[in-house]
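Below is one structure; the comments refer to it alone.
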Amino acid sequence: MSNFSEIDYFSDESLVEDPYPFFEQLRSAGPVVPLGHLGVVAVTGYDEAMEIYRDPDTFSSCNSVVGPFATFPVPLEGDDVSDVIDRHRDQLPMCEHMVTMDPPAHTNERALLFRVITPKRLRENEAFMWRLADSQLDEFGANGRCEFISEYAQPFAMLVVADLLGVPEADHDRFREGFGLSRSPGKIGAGKAGGPGENPLAWLDDWFARYIEDRRREPQKDVLTDLALATYPDWTTPDVTAVVRTATFLFAAGQETTARLLASALKYLAERPLLQDDLRTHPERISSFIEEALRIESPVKADFRLARRSVTVGGVDVTAGTPVMLLNGAANRDPQQFDCPHEFRIERPNTMDHMAFGRGVHSCPGGPLARAEGRISIQRILDRLRDIRLSEEHHGPPAARRFAYEPTWVLRGLSELHLQFTPRAAGAGSACPE
């Protein structure tokens, strides 16, 4: 690979299939490195990424989705640009969603979410997951083959979040038809279009606005009513738009992470038949397997912050207004944090130290949900399918595997995964535990 300063991470398609050599080249120059493009400072060090994640006062999330393509109507000049960010952040893409908010606005919106996504609701959602896993497997299990992402991962992840938010089951098929992962942000080589130019979740707003307005007029005993009547910590009632955007962002983000996690996990299982047998015999190890899958193939490759004021991180001066790229996929393979980081080790003692779900105030609120989806899916797939393997027709022989990945600099995920397997009966294995 050529010198990293000559590589444009945001347009180089050669980095899509395997970005890790590039990450390691960056790391060799230090845990924090200025790039030669768009004024970006890249962070590959685990400790340095953790420092930034935990300092929202210094590092704004206003550009978390659009990255270095955030533009302001006035220059970001001086040692403190907080005033410019706060006055003009509403002109940036996705500004209406909590992922780009800073405290205290972010604190209010996140609190609104957690008034609805309670431990009790998550337990109820798990019961739905067990039934849904079998339902999805019924659709292709007898065929002996599938394209796993479109036939299981995407519909499963979408319907789990729909159930969590209380979308009536009568509407599930409409959501399944209308939602996919094709509108992921950060398309490689898209220039300023690399970040969404408009709210890509707008199509969902009408649906959830209708739900929320209906429940405020006529409350029912359901999750949508809980969402509609939820209040901020000061007990004020948010407007319908705020509630809708909380719901739609969770709806989308929950699917992005989980579908990619499931695909990555199945790819690893398909290449390791002995591990399949081990997890069938010891299902209690599935949770550790999920965590290691999250560490070694983080669904989020790059997260962004904007330096509000000039600061020093990892011995490198970062001037105010600098876009800081947190490379989660690199931090999760930092040898200072993880021994032999490029090896998949299910018994790794500190696997859960990974930052696949970010850290700090913006840590993914759907992390517990994604973990449950992964655990339940893997257990039912191993119960129902034997001899899971990659299709050589689509992915080549063991010595020459080939995979297609989503062409985005934000996310890391397979675009398709073709599997073959030996099916078992629908009633095989254990169903939802009591």
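Residues in the structure tokens are named by chain (A, B, ... in the order shown) and by number from 1 within that chain; ligands are numbered from 1 in the order shown.
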
I want to know what sits within 10 Å of Ile378 of chain A, based on only C-alpha atoms, with residues of the same chain fewer than 3 positions away left out; could you give that as a VMD selection string?
chain A and resid 133 262 265 to 266 269 276 279 to 280 283 286 to 287 289 to 290 372 to 375 381 to 384

Run DSSP on the backbone and grab whatever in segment 304-380 of chain A lands in alpha helix (DSSP H); send it over as a PyMOL selection string.
chain A and resi 328-331+367-380

For segment 90-129 of chain A versus segment 233-240 of chain A, which residues have an atom no more than 10 Å away, and what is each residue's nearest atom pair and distance in Å rounded to one decimal, using only C-alpha atoms, chain-then-number order, as JSON lines?
{"residue": "A:Thr107", "atom": "CA", "partner": "A:Pro233", "partner_atom": "CA", "distance": 9.0}
{"residue": "A:Asn108", "atom": "CA", "partner": "A:Pro233", "partner_atom": "CA", "distance": 6.7}
{"residue": "A:Glu109", "atom": "CA", "partner": "A:Pro238", "partner_atom": "CA", "distance": 9.1}
{"residue": "A:Ala111", "atom": "CA", "partner": "A:Pro233", "partner_atom": "CA", "distance": 6.7}
{"residue": "A:Leu112", "atom": "CA", "partner": "A:Pro233", "partner_atom": "CA", "distance": 7.7}
{"residue": "A:Arg115", "atom": "CA", "partner": "A:Pro233", "partner_atom": "CA", "distance": 9.3}

Each segment 289-389 of chain A residue no farther than 7 Å from segment 15-35 of chain A, nearest pair in Å, only C-alpha atoms, as a Markdown table:
| residue | atom | partner | partner_atom | distance |
| --- | --- | --- | --- | --- |
| A:Gly314 | CA | A:Val32 | CA | 5.9 |
| A:Val316 | CA | A:Val32 | CA | 6.6 |
| A:Ala330 | CA | A:Phe23 | CA | 5.7 |

Residues near Ile376 of chain A, cut-off 12 Å, only C-alpha atoms, skip fewer than 6 positions along chain, as a list of chain:residue names:
A:Asn125, A:Glu126, A:Ala127, A:Phe128, A:Met129, A:Trp130, A:Arg131, A:Leu132, A:Ala133, A:Asp134, A:Phe156, A:Ala157, A:Val160, A:Leu262, A:Pro283, A:Glu284, A:Ile286, A:Ser287, A:Ile290, A:Leu369, A:Ala370, A:Leu382, A:Asp383, A:Ser430, A:Ala431, A:Cys432, A:Pro433

Restricting it to C-alpha atoms, dump the selection as an mmCIF file, in the first residue's frame.
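Result file is result22.cif:
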data_model
loop_
_atom_site.group_PDB
_atom_site.id
_atom_site.type_symbol
_atom_site.label_atom_id
_atom_site.label_comp_id
_atom_site.auth_asym_id
_atom_site.auth_seq_id
_atom_site.Cartn_x
_atom_site.Cartn_y
_atom_site.Cartn_z
ATOM 1 C CA ASN A 125 -39.315 -7.841 22.866
ATOM 2 C CA GLU A 126 -37.083 -10.888 23.387
ATOM 3 C CA ALA A 127 -40.119 -13.168 23.414
ATOM 4 C CA PHE A 128 -41.046 -11.732 20.008
ATOM 5 C CA MET A 129 -37.476 -12.340 18.765
ATOM 6 C CA TRP A 130 -37.613 -16.060 19.498
ATOM 7 C CA ARG A 131 -40.829 -16.416 17.491
ATOM 8 C CA LEU A 132 -39.546 -14.191 14.705
ATOM 9 C CA ALA A 133 -36.269 -16.108 14.353
ATOM 10 C CA ASP A 134 -38.212 -19.303 13.675
ATOM 11 C CA PHE A 156 -35.310 -9.801 11.250
ATOM 12 C CA ALA A 157 -33.600 -6.591 12.397
ATOM 13 C CA VAL A 160 -37.539 -6.518 15.915
ATOM 14 C CA LEU A 262 -25.539 -10.885 12.051
ATOM 15 C CA PRO A 283 -24.810 -22.121 23.920
ATOM 16 C CA GLU A 284 -23.720 -20.097 26.953
ATOM 17 C CA ILE A 286 -22.744 -17.457 22.182
ATOM 18 C CA SER A 287 -22.700 -14.107 23.984
ATOM 19 C CA ILE A 290 -21.164 -12.048 19.568
ATOM 20 C CA LEU A 369 -31.067 -4.875 21.756
ATOM 21 C CA ALA A 370 -28.430 -5.770 19.141
ATOM 22 C CA LEU A 382 -27.490 -23.369 15.045
ATOM 23 C CA ASP A 383 -30.516 -25.297 16.331
ATOM 24 C CA SER A 430 -34.952 -25.242 22.191
ATOM 25 C CA ALA A 431 -37.447 -22.492 21.610
ATOM 26 C CA CYS A 432 -37.925 -19.407 23.757
ATOM 27 C CA PRO A 433 -36.677 -20.273 27.261
#

Using only C-alpha atoms, which protein or nucleic acid residues come within 8 Å of Ser64 of chain A? Drop anything in the same chain fewer than 3 positions from it, and give the result as a PyMOL selection string.
chain A and resi 61+67+99-100+303-305

Would you save the residues from that selection as a compact mmCIF listing (two decimals), in the first residue's frame, using all heavy atoms?
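Contents of the output file part-v3.txt:
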# COMPACT_ATOMS: atom_id res chain seq x y z
N SER A 61 -20.72 16.56 18.33
CA SER A 61 -21.22 15.49 17.48
C SER A 61 -21.98 16.02 16.27
O SER A 61 -22.60 15.24 15.54
CB SER A 61 -22.13 14.56 18.28
OG SER A 61 -21.42 13.89 19.29
N GLY A 67 -19.42 13.79 8.64
CA GLY A 67 -17.97 13.79 8.69
C GLY A 67 -17.34 15.10 8.23
O GLY A 67 -17.76 16.18 8.63
N VAL A 99 -28.33 11.75 17.14
CA VAL A 99 -26.96 11.33 16.87
C VAL A 99 -26.05 12.53 16.61
O VAL A 99 -24.85 12.47 16.84
CB VAL A 99 -26.93 10.36 15.67
CG1 VAL A 99 -27.31 11.06 14.37
CG2 VAL A 99 -25.57 9.70 15.53
N THR A 100 -26.61 13.66 16.16
CA THR A 100 -25.80 14.85 15.89
C THR A 100 -25.91 15.90 16.98
O THR A 100 -25.31 16.97 16.87
CB THR A 100 -26.21 15.48 14.55
OG1 THR A 100 -27.55 15.97 14.65
CG2 THR A 100 -26.10 14.49 13.41
N ASP A 303 -16.57 7.18 12.97
CA ASP A 303 -17.48 8.12 13.61
C ASP A 303 -16.76 9.47 13.63
O ASP A 303 -15.53 9.51 13.61
CB ASP A 303 -17.79 7.64 15.03
CG ASP A 303 -19.00 8.35 15.63
OD1 ASP A 303 -19.59 9.21 14.96
OD2 ASP A 303 -19.33 8.04 16.80
N PHE A 304 -17.51 10.56 13.66
CA PHE A 304 -16.86 11.87 13.58
C PHE A 304 -17.24 12.78 14.73
O PHE A 304 -18.34 12.69 15.28
CB PHE A 304 -17.22 12.56 12.26
CG PHE A 304 -16.21 12.31 11.17
CD1 PHE A 304 -16.31 11.19 10.37
CD2 PHE A 304 -15.16 13.19 10.97
CE1 PHE A 304 -15.37 10.95 9.38
CE2 PHE A 304 -14.22 12.96 9.99
CZ PHE A 304 -14.32 11.84 9.18
N ARG A 305 -16.30 13.67 15.06
CA ARG A 305 -16.54 14.76 15.97
C ARG A 305 -15.89 16.02 15.37
O ARG A 305 -14.99 15.92 14.53
CB ARG A 305 -15.93 14.49 17.35
CG ARG A 305 -16.54 13.31 18.10
CD ARG A 305 -17.99 13.55 18.47
NE ARG A 305 -18.56 12.47 19.26
CZ ARG A 305 -19.23 11.44 18.75
NH1 ARG A 305 -19.40 11.35 17.43
NH2 ARG A 305 -19.74 10.51 19.54

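Shortest separation to Ala252 of chain A among A:Arg309, A:Asp55, A:Phe10, A:Ala162 occurs at residue A:Ala162, atoms counted being only C-alpha atoms.
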
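The space separating atom CA of Thr231 of chain A from atom CA of Glu124 of chain A comes to 22.1 Å.
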
Residue nearest Thr241 of chain A - candidates A:Ser264, A:Ile212, A:Arg110, A:Pro219, atoms counted: only C-alpha atoms:
A:Ile212

Quick one: residues within 7 Å of Ser298 of chain A, only C-alpha atoms counted, chain neighbours fewer than 5 positions away excluded, as a tab-separated table (two decimals) with all heavy atoms, in the first residue's frame?
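Printed below is result_1.tsv as written:
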chain	number	residue	atom	x	y	z
A	328	ASN	N	-13.37	3.43	14.74
A	328	ASN	CA	-13.72	2.36	15.67
A	328	ASN	C	-13.12	1.04	15.25
A	328	ASN	O	-12.67	0.25	16.09
A	328	ASN	CB	-15.24	2.23	15.77
A	328	ASN	CG	-15.90	3.47	16.31
A	328	ASN	OD1	-15.52	4.58	15.95
A	328	ASN	ND2	-16.91	3.32	17.13
A	329	GLY	N	-13.16	0.75	13.95
A	329	GLY	CA	-12.63	-0.51	13.46
A	329	GLY	C	-11.15	-0.66	13.71
A	329	GLY	O	-10.64	-1.78	13.85
A	356	ALA	N	-17.52	-0.99	19.55
A	356	ALA	CA	-18.38	-1.14	18.39
A	356	ALA	C	-19.63	-0.28	18.49
A	356	ALA	O	-20.19	0.15	17.49
A	356	ALA	CB	-18.76	-2.61	18.20
A	412	ARG	N	-19.23	-0.62	8.04
A	412	ARG	CA	-18.54	-1.82	7.58
A	412	ARG	C	-19.55	-2.95	7.55
A	412	ARG	O	-20.10	-3.35	8.59
A	412	ARG	CB	-17.40	-2.17	8.55
A	412	ARG	CG	-16.72	-3.52	8.34
A	412	ARG	CD	-15.88	-3.52	7.10
A	412	ARG	NE	-15.07	-4.75	7.00
A	412	ARG	CZ	-14.43	-5.12	5.91
A	412	ARG	NH1	-14.47	-4.36	4.82
A	412	ARG	NH2	-13.72	-6.24	5.88

Quick one: everything within 6 Å of segment 136-153 of chain A, counting only C-alpha atoms, minus sequence neighbours fewer than 6 positions away in the same chain. Send it as a PyMOL selection string.
chain A and resi 259+416-423

Identify, with DSSP run on backbone atoms, the residues in segment 60-289 of chain A assigned to strand (DSSP E or B), and express the list as a list in words.
Ser60, Asp80, Arg145, Cys146, Glu147 and Lys187 of chain A

Please save N, CA and C atoms of the selected residues as a PDB file, in the first residue's frame.
ATOM      1  N   SER A  60     -17.750  18.224  19.484  1.00  0.00           N
ATOM      2  CA  SER A  60     -19.164  18.235  19.123  1.00  0.00           C
ATOM      3  C   SER A  60     -19.505  17.063  18.208  1.00  0.00           C
ATOM      4  N   ASP A  80     -11.642  28.834  19.556  1.00  0.00           N
ATOM      5  CA  ASP A  80     -12.902  28.295  20.062  1.00  0.00           C
ATOM      6  C   ASP A  80     -13.999  28.656  19.066  1.00  0.00           C
ATOM      7  N   ARG A 145     -30.132 -23.458   1.205  1.00  0.00           N
ATOM      8  CA  ARG A 145     -29.294 -22.326   0.816  1.00  0.00           C
ATOM      9  C   ARG A 145     -30.069 -21.034   1.016  1.00  0.00           C
ATOM     10  N   CYS A 146     -29.357 -19.920   1.130  1.00  0.00           N
ATOM     11  CA  CYS A 146     -30.015 -18.624   1.240  1.00  0.00           C
ATOM     12  C   CYS A 146     -29.014 -17.508   0.980  1.00  0.00           C
ATOM     13  N   GLU A 147     -29.539 -16.337   0.660  1.00  0.00           N
ATOM     14  CA  GLU A 147     -28.733 -15.112   0.721  1.00  0.00           C
ATOM     15  C   GLU A 147     -29.099 -14.515   2.060  1.00  0.00           C
ATOM     16  N   LYS A 187     -21.270   7.231   1.111  1.00  0.00           N
ATOM     17  CA  LYS A 187     -20.907   6.423  -0.057  1.00  0.00           C
ATOM     18  C   LYS A 187     -19.522   6.805  -0.558  1.00  0.00           C
TER      19      LYS A 187
END

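Computed from the coordinates, the atom CA of Gln255 of chain A to atom CA of Val161 of chain A distance equals 7.3 Å.
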
For Gly78 of chain A, which residue among A:Arg345, A:Arg308, A:Arg401, A:Arg424 is the nearest when counting only C-alpha atoms?
A:Arg308
